[in-house]
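Below is upload.tsv, holding TSV, N, CA and C atoms and all ligand atoms.
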```tsv
chain	number	residue	atom	x	y	z
A	1	MET	N	-42.67	-23.24	0.80
A	1	MET	CA	-42.66	-21.98	1.55
A	1	MET	C	-41.34	-21.82	2.29
A	2	ALA	N	-40.80	-20.63	2.20
A	2	ALA	CA	-39.50	-20.37	2.83
A	2	ALA	C	-39.63	-20.21	4.33
A	3	THR	N	-38.70	-20.77	5.03
A	3	THR	CA	-38.67	-20.60	6.49
A	3	THR	C	-37.87	-19.35	6.84
A	4	LEU	N	-37.91	-18.97	8.08
A	4	LEU	CA	-37.17	-17.80	8.54
A	4	LEU	C	-35.66	-18.02	8.32
A	5	GLY	N	-35.23	-19.26	8.53
A	5	GLY	CA	-33.82	-19.58	8.35
A	5	GLY	C	-33.37	-19.36	6.92
A	6	ASP	N	-34.23	-19.74	5.96
A	6	ASP	CA	-33.90	-19.53	4.55
A	6	ASP	C	-33.75	-18.05	4.26
A	7	LEU	N	-34.67	-17.27	4.80
A	7	LEU	CA	-34.66	-15.84	4.53
A	7	LEU	C	-33.39	-15.17	5.04
A	8	SER	N	-32.93	-15.61	6.20
A	8	SER	CA	-31.76	-14.95	6.78
A	8	SER	C	-30.51	-15.24	5.97
A	9	ARG	N	-30.57	-16.28	5.14
A	9	ARG	CA	-29.40	-16.60	4.33
A	9	ARG	C	-29.38	-15.84	3.02
A	10	LEU	N	-30.45	-15.15	2.70
A	10	LEU	CA	-30.49	-14.39	1.46
A	10	LEU	C	-29.46	-13.26	1.51
A	11	VAL	N	-28.84	-13.01	0.36
A	11	VAL	CA	-27.83	-11.94	0.31
A	11	VAL	C	-28.51	-10.59	0.48
A	12	TYR	N	-29.66	-10.47	-0.15
A	12	TYR	CA	-30.37	-9.20	-0.05
A	12	TYR	C	-31.56	-9.37	0.89
A	13	SER	N	-31.61	-8.59	1.90
A	13	SER	CA	-32.73	-8.66	2.84
A	13	SER	C	-33.47	-7.34	2.81
A	14	THR	N	-34.78	-7.42	2.79
A	14	THR	CA	-35.57	-6.20	2.71
A	14	THR	C	-35.42	-5.36	3.96
A	15	GLU	N	-35.07	-6.01	5.08
A	15	GLU	CA	-34.93	-5.28	6.32
A	15	GLU	C	-33.65	-4.45	6.34
A	16	GLN	N	-32.56	-5.04	5.85
A	16	GLN	CA	-31.28	-4.35	5.93
A	16	GLN	C	-30.92	-3.60	4.66
A	17	GLY	N	-31.66	-3.88	3.58
A	17	GLY	CA	-31.29	-3.30	2.32
A	17	GLY	C	-30.14	-4.07	1.70
A	18	ARG	N	-29.50	-3.50	0.72
A	18	ARG	CA	-28.42	-4.20	0.02
A	18	ARG	C	-27.24	-4.47	0.95
A	19	ILE	N	-26.68	-5.64	0.75
A	19	ILE	CA	-25.48	-6.00	1.51
A	19	ILE	C	-24.27	-5.70	0.62
A	20	CYS	N	-23.31	-4.99	1.16
A	20	CYS	CA	-22.11	-4.68	0.39
A	20	CYS	C	-21.29	-5.95	0.15
A	21	PRO	N	-20.97	-6.24	-1.09
A	21	PRO	CA	-20.19	-7.45	-1.37
A	21	PRO	C	-18.76	-7.33	-0.85
A	22	GLY	N	-18.31	-6.12	-0.58
A	22	GLY	CA	-16.93	-5.92	-0.14
A	22	GLY	C	-16.72	-6.31	1.32
A	23	CYS	N	-17.63	-5.88	2.19
A	23	CYS	CA	-17.42	-6.08	3.62
A	23	CYS	C	-18.51	-6.91	4.27
A	24	GLY	N	-19.59	-7.21	3.53
A	24	GLY	CA	-20.66	-8.00	4.10
A	24	GLY	C	-21.57	-7.23	5.03
A	25	GLN	N	-21.36	-5.92	5.11
A	25	GLN	CA	-22.21	-5.07	5.94
A	25	GLN	C	-23.33	-4.48	5.07
A	26	PRO	N	-24.45	-4.10	5.70
A	26	PRO	CA	-25.45	-3.36	4.92
A	26	PRO	C	-24.79	-2.13	4.30
A	27	VAL	N	-25.21	-1.77	3.09
A	27	VAL	CA	-24.55	-0.67	2.38
A	27	VAL	C	-24.50	0.60	3.23
A	28	ALA	N	-25.57	0.83	4.01
A	28	ALA	CA	-25.62	2.02	4.85
A	28	ALA	C	-24.48	2.02	5.87
A	29	GLY	N	-24.05	0.84	6.28
A	29	GLY	CA	-22.99	0.76	7.27
A	29	GLY	C	-21.69	0.21	6.70
A	30	CYS	N	-21.52	0.39	5.40
A	30	CYS	CA	-20.35	-0.15	4.71
A	30	CYS	C	-19.06	0.39	5.34
A	31	ILE	N	-18.12	-0.52	5.58
A	31	ILE	CA	-16.86	-0.10	6.19
A	31	ILE	C	-15.69	-0.16	5.22
A	32	CYS	N	-15.99	-0.45	3.93
A	32	CYS	CA	-14.90	-0.59	2.94
A	32	CYS	C	-14.07	0.68	2.85
A	33	LYS	N	-14.75	1.83	2.84
A	33	LYS	CA	-14.03	3.09	2.64
A	33	LYS	C	-13.23	3.47	3.87
A	34	GLN	N	-13.68	3.00	5.04
A	34	GLN	CA	-12.96	3.33	6.27
A	34	GLN	C	-11.71	2.49	6.42
A	35	ALA	N	-11.88	1.20	6.15
A	35	ALA	CA	-10.75	0.30	6.30
A	35	ALA	C	-9.76	0.58	5.17
A	36	LYS	N	-8.51	0.76	5.53
A	36	LYS	CA	-7.50	0.98	4.50
A	36	LYS	C	-6.47	-0.14	4.61
A	37	PRO	N	-6.81	-1.29	4.09
A	37	PRO	CA	-5.89	-2.41	4.19
A	37	PRO	C	-4.63	-2.14	3.37
A	38	ALA	N	-3.55	-2.73	3.77
A	38	ALA	CA	-2.31	-2.58	3.01
A	38	ALA	C	-2.53	-3.12	1.60
A	39	PRO	N	-1.94	-2.48	0.62
A	39	PRO	CA	-2.11	-2.95	-0.75
A	39	PRO	C	-1.55	-4.36	-0.90
A	40	LYS	N	-2.18	-5.14	-1.75
A	40	LYS	CA	-1.71	-6.51	-1.97
A	40	LYS	C	-0.37	-6.48	-2.69
A	41	THR	N	0.58	-7.21	-2.17
A	41	THR	CA	1.88	-7.29	-2.84
A	41	THR	C	2.31	-8.74	-2.86
A	42	ASP	N	3.39	-9.02	-3.59
A	42	ASP	CA	3.90	-10.39	-3.60
A	42	ASP	C	4.91	-10.58	-2.48
A	43	GLY	N	4.97	-9.59	-1.59
A	43	GLY	CA	5.86	-9.71	-0.44
A	43	GLY	C	7.27	-9.26	-0.71
A	44	ILE	N	7.52	-8.81	-1.93
A	44	ILE	CA	8.87	-8.37	-2.28
A	44	ILE	C	8.87	-6.87	-2.52
A	45	VAL	N	9.76	-6.19	-1.84
A	45	VAL	CA	9.90	-4.75	-2.03
A	45	VAL	C	10.94	-4.53	-3.14
A	46	ARG	N	10.57	-3.70	-4.09
A	46	ARG	CA	11.50	-3.45	-5.20
A	46	ARG	C	12.03	-2.02	-5.14
A	47	VAL	N	13.33	-1.93	-5.17
A	47	VAL	CA	13.98	-0.63	-5.09
A	47	VAL	C	14.69	-0.37	-6.40
A	48	ALA	N	14.31	0.69	-7.07
A	48	ALA	CA	14.89	1.00	-8.38
A	48	ALA	C	15.41	2.43	-8.39
A	49	TYR	N	16.35	2.66	-9.32
A	49	TYR	CA	16.81	4.02	-9.55
A	49	TYR	C	16.33	4.41	-10.94
A	50	GLU	N	15.49	5.43	-11.00
A	50	GLU	CA	14.88	5.79	-12.27
A	50	GLU	C	15.22	7.22	-12.65
A	51	THR	N	15.55	7.39	-13.93
A	51	THR	CA	15.86	8.73	-14.43
A	51	THR	C	14.92	9.13	-15.55
A	52	LYS	N	14.19	8.14	-16.07
A	52	LYS	CA	13.30	8.38	-17.21
A	52	LYS	C	12.29	9.48	-16.93
A	53	GLY	N	12.16	10.43	-17.84
A	53	GLY	CA	11.14	11.46	-17.72
A	53	GLY	C	11.34	12.37	-16.53
A	54	ARG	N	12.56	12.40	-16.02
A	54	ARG	CA	12.79	13.23	-14.85
A	54	ARG	C	13.88	14.27	-15.11
A	55	LYS	N	14.06	14.61	-16.36
A	55	LYS	CA	15.02	15.65	-16.75
A	55	LYS	C	16.42	15.37	-16.22
A	56	GLY	N	16.79	14.10	-16.29
A	56	GLY	CA	18.15	13.74	-15.89
A	56	GLY	C	18.35	13.58	-14.40
A	57	LYS	N	17.35	14.03	-13.63
A	57	LYS	CA	17.49	13.88	-12.18
A	57	LYS	C	16.89	12.55	-11.76
A	58	GLY	N	17.73	11.69	-11.23
A	58	GLY	CA	17.24	10.38	-10.86
A	58	GLY	C	16.60	10.36	-9.49
A	59	VAL	N	15.72	9.40	-9.32
A	59	VAL	CA	15.12	9.19	-8.00
A	59	VAL	C	15.18	7.71	-7.65
A	60	THR	N	15.32	7.44	-6.38
A	60	THR	CA	15.21	6.08	-5.88
A	60	THR	C	13.73	5.81	-5.65
A	61	VAL	N	13.22	4.75	-6.28
A	61	VAL	CA	11.79	4.44	-6.20
A	61	VAL	C	11.60	3.12	-5.46
A	62	ILE	N	10.79	3.15	-4.42
A	62	ILE	CA	10.56	1.97	-3.59
A	62	ILE	C	9.11	1.54	-3.76
A	63	ARG	N	8.91	0.34	-4.27
A	63	ARG	CA	7.55	-0.16	-4.52
A	63	ARG	C	7.32	-1.48	-3.79
A	64	GLY	N	6.06	-1.74	-3.52
A	64	GLY	CA	5.69	-3.06	-3.01
A	64	GLY	C	5.81	-3.21	-1.51
A	65	VAL	N	5.95	-2.08	-0.79
A	65	VAL	CA	6.00	-2.17	0.67
A	65	VAL	C	4.59	-2.44	1.19
A	66	ALA	N	4.45	-3.52	1.95
A	66	ALA	CA	3.12	-3.92	2.43
A	66	ALA	C	2.76	-3.17	3.70
A	67	LEU	N	2.58	-1.87	3.58
A	67	LEU	CA	2.17	-1.04	4.70
A	67	LEU	C	0.99	-0.19	4.27
A	68	ASP	N	0.14	0.20	5.24
A	68	ASP	CA	-0.94	1.09	4.87
A	68	ASP	C	-0.38	2.50	4.67
A	69	ALA	N	-1.21	3.39	4.19
A	69	ALA	CA	-0.75	4.71	3.75
A	69	ALA	C	0.00	5.47	4.86
A	70	ASP	N	-0.53	5.41	6.07
A	70	ASP	CA	0.09	6.15	7.17
A	70	ASP	C	1.47	5.60	7.51
A	71	ALA	N	1.55	4.28	7.61
A	71	ALA	CA	2.82	3.64	7.96
A	71	ALA	C	3.84	3.85	6.84
A	72	LEU	N	3.34	3.84	5.61
A	72	LEU	CA	4.24	4.05	4.47
A	72	LEU	C	4.80	5.47	4.49
A	73	ALA	N	3.95	6.43	4.80
A	73	ALA	CA	4.40	7.81	4.88
A	73	ALA	C	5.46	7.96	5.97
A	74	GLN	N	5.25	7.25	7.08
A	74	GLN	CA	6.21	7.28	8.17
A	74	GLN	C	7.55	6.69	7.74
A	75	LEU	N	7.49	5.57	7.05
A	75	LEU	CA	8.70	4.93	6.55
A	75	LEU	C	9.41	5.86	5.56
A	76	GLY	N	8.62	6.48	4.68
A	76	GLY	CA	9.20	7.41	3.70
A	76	GLY	C	9.95	8.53	4.40
A	77	LYS	N	9.37	9.03	5.46
A	77	LYS	CA	9.99	10.12	6.22
A	77	LYS	C	11.33	9.66	6.80
A	78	GLN	N	11.32	8.46	7.38
A	78	GLN	CA	12.55	7.92	7.98
A	78	GLN	C	13.65	7.77	6.93
A	79	LEU	N	13.27	7.22	5.79
A	79	LEU	CA	14.26	6.97	4.74
A	79	LEU	C	14.82	8.28	4.20
A	80	LYS	N	13.92	9.24	3.99
A	80	LYS	CA	14.36	10.53	3.46
A	80	LYS	C	15.33	11.20	4.41
A	81	SER	N	15.02	11.19	5.70
A	81	SER	CA	15.93	11.83	6.63
A	81	SER	C	17.22	11.03	6.74
A	82	GLY	N	17.11	9.71	6.63
A	82	GLY	CA	18.30	8.87	6.65
A	82	GLY	C	19.22	9.14	5.46
A	83	CYS	N	18.61	9.45	4.32
A	83	CYS	CA	19.38	9.75	3.12
A	83	CYS	C	19.79	11.21	3.09
A	84	GLY	N	19.17	12.01	3.92
A	84	GLY	CA	19.42	13.45	3.87
A	84	GLY	C	18.92	14.04	2.57
A	85	SER	N	17.80	13.50	2.08
A	85	SER	CA	17.30	13.94	0.78
A	85	SER	C	15.79	14.12	0.83
A	86	GLY	N	15.28	14.81	-0.16
A	86	GLY	CA	13.84	15.02	-0.22
A	86	GLY	C	13.17	13.93	-1.02
A	87	GLY	N	11.84	13.98	-1.07
A	87	GLY	CA	11.13	12.99	-1.85
A	87	GLY	C	9.65	13.04	-1.56
A	88	THR	N	8.94	12.06	-2.10
A	88	THR	CA	7.49	12.02	-1.91
A	88	THR	C	7.07	10.59	-1.58
A	89	THR	N	5.93	10.48	-0.93
A	89	THR	CA	5.31	9.18	-0.71
A	89	THR	C	3.88	9.29	-1.15
A	90	LYS	N	3.52	8.55	-2.21
A	90	LYS	CA	2.12	8.56	-2.61
A	90	LYS	C	1.78	7.33	-3.43
A	91	ASP	N	0.52	6.96	-3.39
A	91	ASP	CA	0.01	5.80	-4.12
A	91	ASP	C	0.84	4.55	-3.85
A	92	GLY	N	1.29	4.39	-2.61
A	92	GLY	CA	2.01	3.18	-2.25
A	92	GLY	C	3.46	3.15	-2.70
A	93	VAL	N	3.95	4.28	-3.21
A	93	VAL	CA	5.31	4.34	-3.72
A	93	VAL	C	6.09	5.44	-2.99
A	94	ILE	N	7.30	5.09	-2.55
A	94	ILE	CA	8.17	6.09	-1.94
A	94	ILE	C	9.23	6.49	-2.97
A	95	GLU	N	9.39	7.78	-3.17
A	95	GLU	CA	10.43	8.28	-4.06
A	95	GLU	C	11.37	9.17	-3.28
A	96	ILE	N	12.66	8.94	-3.49
A	96	ILE	CA	13.66	9.77	-2.82
A	96	ILE	C	14.61	10.31	-3.88
A	97	GLN	N	14.83	11.59	-3.88
A	97	GLN	CA	15.69	12.20	-4.88
A	97	GLN	C	17.12	11.71	-4.75
A	98	GLY	N	17.67	11.31	-5.90
A	98	GLY	CA	19.04	10.82	-5.92
A	98	GLY	C	19.09	9.30	-5.83
A	99	ASP	N	20.31	8.76	-5.98
A	99	ASP	CA	20.49	7.31	-5.93
A	99	ASP	C	20.88	6.90	-4.52
A	100	HIS	N	19.91	6.38	-3.80
A	100	HIS	CA	20.16	6.01	-2.40
A	100	HIS	C	19.92	4.52	-2.17
A	101	ARG	N	20.04	3.73	-3.24
A	101	ARG	CA	19.76	2.30	-3.10
A	101	ARG	C	20.65	1.64	-2.06
A	102	ASP	N	21.92	2.08	-2.00
A	102	ASP	CA	22.84	1.43	-1.07
A	102	ASP	C	22.49	1.73	0.38
A	103	PHE	N	21.72	2.78	0.60
A	103	PHE	CA	21.24	3.06	1.96
A	103	PHE	C	19.89	2.39	2.20
A	104	VAL	N	19.00	2.55	1.20
A	104	VAL	CA	17.61	2.12	1.37
A	104	VAL	C	17.47	0.60	1.49
A	105	ILE	N	18.18	-0.13	0.65
A	105	ILE	CA	18.00	-1.59	0.62
A	105	ILE	C	18.37	-2.23	1.97
A	106	PRO	N	19.57	-1.97	2.51
A	106	PRO	CA	19.85	-2.55	3.84
A	106	PRO	C	18.92	-2.03	4.93
A	107	ALA	N	18.48	-0.78	4.81
A	107	ALA	CA	17.58	-0.22	5.83
A	107	ALA	C	16.25	-0.98	5.85
A	108	LEU	N	15.74	-1.32	4.67
A	108	LEU	CA	14.48	-2.07	4.59
A	108	LEU	C	14.68	-3.51	5.04
A	109	GLN	N	15.83	-4.09	4.67
A	109	GLN	CA	16.12	-5.48	5.06
A	109	GLN	C	16.20	-5.59	6.57
A	110	LYS	N	16.73	-4.54	7.21
A	110	LYS	CA	16.84	-4.52	8.66
A	110	LYS	C	15.46	-4.60	9.30
A	111	GLN	N	14.44	-4.10	8.57
A	111	GLN	CA	13.07	-4.15	9.10
A	111	GLN	C	12.37	-5.47	8.76
A	112	GLY	N	13.14	-6.39	8.21
A	112	GLY	CA	12.60	-7.71	7.95
A	112	GLY	C	11.96	-7.87	6.58
A	113	MET	N	12.16	-6.88	5.70
A	113	MET	CA	11.54	-6.95	4.38
A	113	MET	C	12.45	-7.69	3.40
A	114	VAL	N	11.80	-8.33	2.44
A	114	VAL	CA	12.53	-8.97	1.35
A	114	VAL	C	12.67	-7.92	0.26
A	115	VAL	N	13.90	-7.56	-0.05
A	115	VAL	CA	14.14	-6.43	-0.95
A	115	VAL	C	14.92	-6.87	-2.18
A	116	LYS	N	14.46	-6.37	-3.32
A	116	LYS	CA	15.16	-6.65	-4.56
A	116	LYS	C	15.56	-5.34	-5.21
A	117	ARG	N	16.75	-5.29	-5.74
A	117	ARG	CA	17.17	-4.14	-6.52
A	117	ARG	C	16.65	-4.35	-7.93
A	118	SER	N	15.93	-3.41	-8.47
A	118	SER	CA	15.38	-3.61	-9.81
A	118	SER	C	15.69	-2.42	-10.69
A	119	GLY	N	15.62	-2.63	-11.98
A	119	GLY	CA	15.90	-1.56	-12.92
A	119	GLY	C	17.35	-1.17	-12.92
A	120	GLY	N	17.67	-0.04	-13.58
A	120	GLY	CA	19.03	0.49	-13.73
A	120	GLY	C	19.84	0.18	-12.53
B	201	ZN	ZN	-18.49	-2.39	2.09
```

Could you quickly redo this structure as structure tokens?
Amino acid sequence: MATLGDLSRLVYSTEQGRICPGCGQPVAGCICKQAKPAPKTDGIVRVAYETKGRKGKGVTVIRGVALDADALAQLGKQLKSGCGSGGTTKDGVIEIQGDHRDFVIPALQKQGMVVKRSGG
């Protein structure tokens, strides 16, 4: 016969309903969607200049920045104004129109990031 202690260790409890495997909270109180952890990276920020599929107009592409969406958008804004250029920040990637690697790489390094120049 199971004791109360055994029951409390069960993953699924009839009292709380299903436990979310992501956060360990009851599914009704799941916090996975609220929490926006920084995307997993290898700790290296890669800065590339890409022209492929862009009608000859190159963009500086910054990937692997370990910041959450809001902080990344903020960084993107700073870099764009620093370059005096437009661009977008989405899906964890900052894009800035034109080749701004010589500005972007030292700017990121100044913030303590490990930066690699990649691609063209
Ligand atoms: Zn969850």

Name the residues, by chain letter and number, that sit within 6 Å of ligand ZN 201 (chain B) using all atoms listed in the file, and give them as a PDB file with N, CA and C atoms, in the coordinates of the input.
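Saved result, part_31.pdb, follows:
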```
ATOM      1  N   CYS A  20     -23.310  -4.990   1.160  1.00  0.00           N
ATOM      2  CA  CYS A  20     -22.110  -4.680   0.390  1.00  0.00           C
ATOM      3  C   CYS A  20     -21.290  -5.950   0.150  1.00  0.00           C
ATOM      4  N   PRO A  21     -20.970  -6.240  -1.090  1.00  0.00           N
ATOM      5  CA  PRO A  21     -20.190  -7.450  -1.370  1.00  0.00           C
ATOM      6  C   PRO A  21     -18.760  -7.330  -0.850  1.00  0.00           C
ATOM      7  N   GLY A  22     -18.310  -6.120  -0.580  1.00  0.00           N
ATOM      8  CA  GLY A  22     -16.930  -5.920  -0.140  1.00  0.00           C
ATOM      9  C   GLY A  22     -16.720  -6.310   1.320  1.00  0.00           C
ATOM     10  N   CYS A  23     -17.630  -5.880   2.190  1.00  0.00           N
ATOM     11  CA  CYS A  23     -17.420  -6.080   3.620  1.00  0.00           C
ATOM     12  C   CYS A  23     -18.510  -6.910   4.270  1.00  0.00           C
ATOM     13  N   GLY A  24     -19.590  -7.210   3.530  1.00  0.00           N
ATOM     14  CA  GLY A  24     -20.660  -8.000   4.100  1.00  0.00           C
ATOM     15  C   GLY A  24     -21.570  -7.230   5.030  1.00  0.00           C
ATOM     16  N   GLN A  25     -21.360  -5.920   5.110  1.00  0.00           N
ATOM     17  CA  GLN A  25     -22.210  -5.070   5.940  1.00  0.00           C
ATOM     18  C   GLN A  25     -23.330  -4.480   5.070  1.00  0.00           C
ATOM     19  N   CYS A  30     -21.520   0.390   5.400  1.00  0.00           N
ATOM     20  CA  CYS A  30     -20.350  -0.150   4.710  1.00  0.00           C
ATOM     21  C   CYS A  30     -19.060   0.390   5.340  1.00  0.00           C
ATOM     22  N   ILE A  31     -18.120  -0.520   5.580  1.00  0.00           N
ATOM     23  CA  ILE A  31     -16.860  -0.100   6.190  1.00  0.00           C
ATOM     24  C   ILE A  31     -15.690  -0.160   5.220  1.00  0.00           C
ATOM     25  N   CYS A  32     -15.990  -0.450   3.930  1.00  0.00           N
ATOM     26  CA  CYS A  32     -14.900  -0.590   2.940  1.00  0.00           C
ATOM     27  C   CYS A  32     -14.070   0.680   2.850  1.00  0.00           C
ATOM     28  N   LYS A  33     -14.750   1.830   2.840  1.00  0.00           N
ATOM     29  CA  LYS A  33     -14.030   3.090   2.640  1.00  0.00           C
ATOM     30  C   LYS A  33     -13.230   3.470   3.870  1.00  0.00           C
TER      31      LYS A  33
END
```

Practice task
Calculate how many Å separate CA of Val115 in chain A from CA of Asp42 in chain A, rounding to one decimal.
Solution key: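 Here the two named atoms are 11.3 Å from each other.
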
Practice task
Figure out the distance between atom N of Lys116 in chain A and CA of Gly87 in chain A, please, to one decimal in Å.
Solution key: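 If I compute the distance from CA of Gly87 in chain A to atom N of Lys116 in chain A, I get 19.7 Å.
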
Exercise for the section: Quick one: everything within 6.5 Å of range 74-82 of chain A, counting all atoms listed in the file, minus sequence neighbours fewer than 5 positions away in the same chain. Send it as an MDAnalysis selection string. Expected result: chainID A and resid 69 87 89 94 96

Practice task
Determine which residues of range 64-93 of chain A DSSP labels as strand (DSSP E) from the backbone of this structure, then write them out as a VMD selection string.
Solution key: chain A and resid 87 to 90 93

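One finds atom N of Ala48 in chain A at 10.9 Å from atom C of Gly64 in chain A.
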
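For the residues A:Gly43, A:Asp70, A:Lys110, A:Gly98, ranking by smallest atom-to-atom distance to Lys57 in chain A using only N, CA and C atoms places A:Gly98 first.
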
Problem - Contacts of Val47 in chain A within 10 Å, only C-alpha atoms, excl. fewer than 3 positions in-chain, as a count of residues only - result: 21

Range 62-68 of chain A: axis-aligned bounding box, 3 Å on each side, centre and edge lengths in Å, one decimal, as lines of an AutoDock Vina configuration file:
```
center_x = 4.9
center_y = -0.4
center_z = 0.4
size_x = 17.7
size_y = 13.1
size_z = 15.8
```

Handout entry: All alpha helix (DSSP H) positions in range 69-107 of chain A, as a list of chain:residue names
Key =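 The alpha helix (DSSP H) residues within range 69-107 of chain A come out as A:Ala69, A:Asp70, A:Ala71, A:Leu72, A:Ala73, A:Gln74, A:Leu75, A:Gly76, A:Lys77, A:Gln78, A:Leu79, A:Lys80, A:Ser81, A:Gly82, A:Cys83, A:Arg101, A:Asp102, A:Phe103, A:Val104, A:Ile105, A:Pro106, A:Ala107.
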